[in-house]
Amino acid sequence: MKTGDSLPALQLAGISRTTLALYAGASGDHNPMHIDLDVARSGGMDDVFAHGMLSMAYLGRLLTNYVPQERLCSYGVRFAAITPLHAKPTCTGTVTKVEDGLAHLDLTVTLADGTVTLRGDAVVAA
């Protein structure tokens, strides 16, 4: 692992209503903005949209596809935009620095239209 290395991209299937319902059940996050069309519309949205933490979980999968979980030292994200229904997120990461046995990574979730929905960073044991 060296500075400039890219993690193999994680391309996800379109976010479906089923995906959102399953995530709500698994996470305990039953916010109706993510699963109830009428509530989403009453909030000014065209439709339901993905939980931000679902995108964070996808980035976590990107990381653990790259290194074993026990090598993950820190991981954080900043939410930048919503992930609409049917969007196909792509998770990417780049090693920005390797120092003292630790690799620092920049992480991103991007939609097909170029919208960045999540930015994050992680430190892993190299």
# chains A, B, ... in the order shown; residues from 1 in each chain; ligands from 1

$ select_by_dssp --residues "chain A" --states "alpha helix (DSSP H)" --output "VMD selection string"
chain A and resid 17 to 27 37 to 42 52 to 66

$ write_last_selection --atoms "N, CA, C and O atoms" --output "tab-separated table (two decimals), in the first residue's frame"
chain	number	residue	atom	x	y	z
A	17	ARG	N	-36.85	0.47	-3.20
A	17	ARG	CA	-37.69	0.56	-2.01
A	17	ARG	C	-37.42	-0.63	-1.08
A	17	ARG	O	-37.42	-0.48	0.14
A	18	THR	N	-37.16	-1.77	-1.68
A	18	THR	CA	-36.85	-2.96	-0.88
A	18	THR	C	-35.56	-2.75	-0.12
A	18	THR	O	-35.47	-3.08	1.07
A	19	THR	N	-34.54	-2.20	-0.78
A	19	THR	CA	-33.27	-1.90	-0.11
A	19	THR	C	-33.51	-1.01	1.10
A	19	THR	O	-32.99	-1.27	2.19
A	20	LEU	N	-34.32	0.03	0.92
A	20	LEU	CA	-34.59	0.97	2.01
A	20	LEU	C	-35.36	0.31	3.15
A	20	LEU	O	-35.07	0.54	4.32
A	21	ALA	N	-36.34	-0.52	2.81
A	21	ALA	CA	-37.11	-1.21	3.84
A	21	ALA	C	-36.23	-2.19	4.61
A	21	ALA	O	-36.30	-2.26	5.85
A	22	LEU	N	-35.38	-2.93	3.90
A	22	LEU	CA	-34.49	-3.87	4.57
A	22	LEU	C	-33.49	-3.14	5.46
A	22	LEU	O	-33.21	-3.57	6.58
A	23	TYR	N	-32.94	-2.02	4.96
A	23	TYR	CA	-32.00	-1.26	5.78
A	23	TYR	C	-32.70	-0.69	7.01
A	23	TYR	O	-32.14	-0.71	8.12
A	24	ALA	N	-33.92	-0.19	6.85
A	24	ALA	CA	-34.67	0.35	8.00
A	24	ALA	C	-34.83	-0.73	9.07
A	24	ALA	O	-34.62	-0.47	10.25
A	25	GLY	N	-35.18	-1.93	8.64
A	25	GLY	CA	-35.34	-3.02	9.60
A	25	GLY	C	-34.04	-3.42	10.26
A	25	GLY	O	-33.99	-3.64	11.48
A	26	ALA	N	-32.98	-3.49	9.49
A	26	ALA	CA	-31.68	-3.91	10.03
A	26	ALA	C	-31.08	-2.86	10.96
A	26	ALA	O	-30.47	-3.19	11.97
A	27	SER	N	-31.28	-1.59	10.63
A	27	SER	CA	-30.65	-0.51	11.39
A	27	SER	C	-31.53	0.02	12.52
A	27	SER	O	-31.03	0.68	13.43
A	37	LEU	N	-43.74	7.22	0.84
A	37	LEU	CA	-43.81	8.21	-0.23
A	37	LEU	C	-44.63	9.43	0.19
A	37	LEU	O	-44.24	10.57	-0.08
A	38	ASP	N	-45.76	9.22	0.85
A	38	ASP	CA	-46.61	10.34	1.25
A	38	ASP	C	-45.88	11.28	2.21
A	38	ASP	O	-45.98	12.51	2.10
A	39	VAL	N	-45.16	10.72	3.15
A	39	VAL	CA	-44.41	11.54	4.11
A	39	VAL	C	-43.29	12.30	3.39
A	39	VAL	O	-43.07	13.49	3.64
A	40	ALA	N	-42.60	11.62	2.49
A	40	ALA	CA	-41.52	12.28	1.74
A	40	ALA	C	-42.08	13.45	0.94
A	40	ALA	O	-41.50	14.54	0.93
A	41	ARG	N	-43.21	13.24	0.28
A	41	ARG	CA	-43.81	14.32	-0.51
A	41	ARG	C	-44.28	15.46	0.39
A	41	ARG	O	-44.16	16.63	0.02
A	42	SER	N	-44.80	15.13	1.57
A	42	SER	CA	-45.25	16.20	2.48
A	42	SER	C	-44.06	17.03	2.98
A	42	SER	O	-44.23	18.16	3.40
A	52	GLY	N	-28.67	8.22	5.01
A	52	GLY	CA	-27.26	8.58	4.91
A	52	GLY	C	-26.35	7.49	5.45
A	52	GLY	O	-25.28	7.23	4.90
A	53	MET	N	-26.79	6.84	6.50
A	53	MET	CA	-25.97	5.79	7.11
A	53	MET	C	-25.87	4.56	6.21
A	53	MET	O	-24.92	3.78	6.35
A	54	LEU	N	-26.80	4.39	5.27
A	54	LEU	CA	-26.67	3.29	4.31
A	54	LEU	C	-25.46	3.55	3.42
A	54	LEU	O	-24.66	2.64	3.18
A	55	SER	N	-25.29	4.78	2.99
A	55	SER	CA	-24.11	5.12	2.19
A	55	SER	C	-22.83	4.94	3.01
A	55	SER	O	-21.81	4.49	2.49
A	56	MET	N	-22.88	5.29	4.28
A	56	MET	CA	-21.72	5.09	5.15
A	56	MET	C	-21.41	3.60	5.26
A	56	MET	O	-20.23	3.20	5.25
A	57	ALA	N	-22.43	2.77	5.33
A	57	ALA	CA	-22.22	1.32	5.39
A	57	ALA	C	-21.59	0.81	4.10
A	57	ALA	O	-20.70	-0.05	4.13
A	58	TYR	N	-22.02	1.36	2.97
A	58	TYR	CA	-21.40	0.96	1.70
A	58	TYR	C	-19.91	1.33	1.67
A	58	TYR	O	-19.08	0.55	1.21
A	59	LEU	N	-19.57	2.51	2.18
A	59	LEU	CA	-18.16	2.89	2.26
A	59	LEU	C	-17.40	1.95	3.20
A	59	LEU	O	-16.24	1.62	2.94
A	60	GLY	N	-18.06	1.55	4.27
A	60	GLY	CA	-17.44	0.57	5.17
A	60	GLY	C	-17.15	-0.73	4.45
A	60	GLY	O	-16.11	-1.35	4.66
A	61	ARG	N	-18.06	-1.14	3.58
A	61	ARG	CA	-17.82	-2.35	2.78
A	61	ARG	C	-16.63	-2.16	1.85
A	61	ARG	O	-15.81	-3.06	1.69
A	62	LEU	N	-16.53	-0.97	1.23
A	62	LEU	CA	-15.37	-0.68	0.39
A	62	LEU	C	-14.08	-0.88	1.19
A	62	LEU	O	-13.14	-1.51	0.72
A	63	LEU	N	-14.05	-0.35	2.40
A	63	LEU	CA	-12.86	-0.46	3.25
A	63	LEU	C	-12.54	-1.91	3.60
A	63	LEU	O	-11.40	-2.34	3.51
A	64	THR	N	-13.56	-2.66	4.02
A	64	THR	CA	-13.30	-4.04	4.46
A	64	THR	C	-13.10	-4.99	3.28
A	64	THR	O	-12.63	-6.10	3.48
A	65	ASN	N	-13.43	-4.55	2.07
A	65	ASN	CA	-13.03	-5.31	0.89
A	65	ASN	C	-11.54	-5.12	0.62
A	65	ASN	O	-10.90	-5.95	-0.02
A	66	TYR	N	-11.00	-4.00	1.13
A	66	TYR	CA	-9.60	-3.63	0.88
A	66	TYR	C	-8.66	-4.15	1.97
A	66	TYR	O	-7.57	-4.64	1.67

$ closest_atom_pairs --of "segment 10-87 of chain A" --to "segment 106-117 of chain A" --cutoff "8 Å" --atoms "only C-alpha atoms" --output "Markdown table"
| residue | atom | partner | partner_atom | distance |
| --- | --- | --- | --- | --- |
| A:Ser55 | CA | A:Val109 | CA | 7.2 |
| A:Leu59 | CA | A:Val109 | CA | 7.3 |
| A:Phe79 | CA | A:Thr117 | CA | 6.2 |
| A:Ala80 | CA | A:Thr117 | CA | 4.8 |
| A:Ala81 | CA | A:Thr117 | CA | 4.3 |
| A:Ile82 | CA | A:Thr117 | CA | 6.0 |
| A:Thr83 | CA | A:Thr117 | CA | 6.5 |
| A:Ala87 | CA | A:Leu111 | CA | 6.6 |

$ select_by_dssp --residues "segment 50-101 of chain A" --states "strand (DSSP E)" --output "MDAnalysis selection string"
chainID A and resid 72:79 90:99

$ write_last_selection --atoms "C-alpha atoms" --output "short mmCIF file (atom, residue, chain, number, x, y, z; two decimals), in the first residue's frame"
data_model
loop_
_atom_site.label_atom_id
_atom_site.label_comp_id
_atom_site.auth_asym_id
_atom_site.auth_seq_id
_atom_site.Cartn_x
_atom_site.Cartn_y
_atom_site.Cartn_z
CA LEU A 72 -9.34 -0.24 10.52
CA CYS A 73 -8.13 2.39 13.01
CA SER A 74 -10.57 5.24 12.30
CA TYR A 75 -13.38 6.03 9.91
CA GLY A 76 -15.55 9.12 9.52
CA VAL A 77 -17.82 10.74 6.94
CA ARG A 78 -19.53 14.00 6.06
CA PHE A 79 -22.90 13.87 4.35
CA THR A 90 -20.13 4.16 -6.56
CA CYS A 91 -17.73 4.08 -3.62
CA THR A 92 -14.09 5.00 -4.19
CA GLY A 93 -11.04 5.57 -2.09
CA THR A 94 -7.48 6.78 -2.49
CA VAL A 95 -4.46 6.40 -0.23
CA THR A 96 -3.31 9.95 0.50
CA LYS A 97 -0.42 9.20 2.83
CA VAL A 98 1.40 6.24 4.37
CA GLU A 99 3.32 7.08 7.51
#

$ atom_distance --atom1 "atom CA of Lys88 of chain A" --atom2 "atom CA of Gln11 of chain A"
7.3 Å

$ closest_residue --among "A:His34, A:Val123, A:Leu105, A:Leu10" --to "His51 of chain A" --atoms "only C-alpha atoms"
A:His34

$ atom_distance --atom1 "atom CA of Ala122 of chain A" --atom2 "atom CA of Lys2 of chain A"
14.6 Å

$ atom_distance --atom1 "atom CA of Ala50 of chain A" --atom2 "atom CA of Ile15 of chain A"
7.3 Å

$ decode --residues "segment 5-23 of chain A" --atoms "N, CA, C and O atoms" --output "compact mmCIF listing (two decimals), in the first residue's frame"
# COMPACT_ATOMS: atom_id res chain seq x y z
N ASP A 5 -2.34 5.02 -4.28
CA ASP A 5 -3.09 3.81 -4.61
C ASP A 5 -4.59 4.08 -4.54
O ASP A 5 -5.05 4.81 -3.66
N SER A 6 -5.33 3.47 -5.46
CA SER A 6 -6.79 3.55 -5.45
C SER A 6 -7.36 2.23 -5.01
O SER A 6 -6.88 1.17 -5.44
N LEU A 7 -8.37 2.28 -4.17
CA LEU A 7 -9.09 1.08 -3.79
C LEU A 7 -9.95 0.65 -4.98
O LEU A 7 -10.44 1.52 -5.71
N PRO A 8 -10.14 -0.65 -5.18
CA PRO A 8 -11.05 -1.07 -6.26
C PRO A 8 -12.44 -0.50 -5.98
O PRO A 8 -12.98 -0.66 -4.88
N ALA A 9 -13.01 0.19 -6.96
CA ALA A 9 -14.32 0.83 -6.78
C ALA A 9 -15.39 -0.20 -6.45
O ALA A 9 -15.35 -1.34 -6.92
N LEU A 10 -16.33 0.21 -5.62
CA LEU A 10 -17.49 -0.61 -5.29
C LEU A 10 -18.69 0.03 -5.96
O LEU A 10 -19.12 1.12 -5.58
N GLN A 11 -19.19 -0.63 -7.02
CA GLN A 11 -20.35 -0.13 -7.74
C GLN A 11 -21.57 -0.89 -7.26
O GLN A 11 -21.58 -2.12 -7.27
N LEU A 12 -22.58 -0.14 -6.86
CA LEU A 12 -23.75 -0.74 -6.24
C LEU A 12 -24.94 -0.74 -7.18
O LEU A 12 -25.04 0.12 -8.07
N ALA A 13 -25.83 -1.67 -6.94
CA ALA A 13 -27.08 -1.73 -7.70
C ALA A 13 -27.93 -0.53 -7.32
O ALA A 13 -27.70 0.13 -6.29
N GLY A 14 -28.92 -0.23 -8.13
CA GLY A 14 -29.82 0.87 -7.84
C GLY A 14 -30.50 0.70 -6.48
O GLY A 14 -30.85 -0.42 -6.09
N ILE A 15 -30.66 1.81 -5.79
CA ILE A 15 -31.32 1.80 -4.48
C ILE A 15 -32.82 1.63 -4.71
O ILE A 15 -33.46 2.48 -5.32
N SER A 16 -33.36 0.53 -4.22
CA SER A 16 -34.78 0.24 -4.41
C SER A 16 -35.55 0.48 -3.11
O SER A 16 -34.96 0.63 -2.04
N ARG A 17 -36.85 0.47 -3.20
CA ARG A 17 -37.69 0.56 -2.01
C ARG A 17 -37.42 -0.63 -1.08
O ARG A 17 -37.42 -0.48 0.14
N THR A 18 -37.16 -1.77 -1.68
CA THR A 18 -36.85 -2.96 -0.88
C THR A 18 -35.56 -2.75 -0.12
O THR A 18 -35.47 -3.08 1.07
N THR A 19 -34.54 -2.20 -0.78
CA THR A 19 -33.27 -1.90 -0.11
C THR A 19 -33.51 -1.01 1.10
O THR A 19 -32.99 -1.27 2.19
N LEU A 20 -34.32 0.03 0.92
CA LEU A 20 -34.59 0.97 2.01
C LEU A 20 -35.36 0.31 3.15
O LEU A 20 -35.07 0.54 4.32
N ALA A 21 -36.34 -0.52 2.81
CA ALA A 21 -37.11 -1.21 3.84
C ALA A 21 -36.23 -2.19 4.61
O ALA A 21 -36.30 -2.26 5.85
N LEU A 22 -35.38 -2.93 3.90
CA LEU A 22 -34.49 -3.87 4.57
C LEU A 22 -33.49 -3.14 5.46
O LEU A 22 -33.21 -3.57 6.58
N TYR A 23 -32.94 -2.02 4.96
CA TYR A 23 -32.00 -1.26 5.78
C TYR A 23 -32.70 -0.69 7.01
O TYR A 23 -32.14 -0.71 8.12
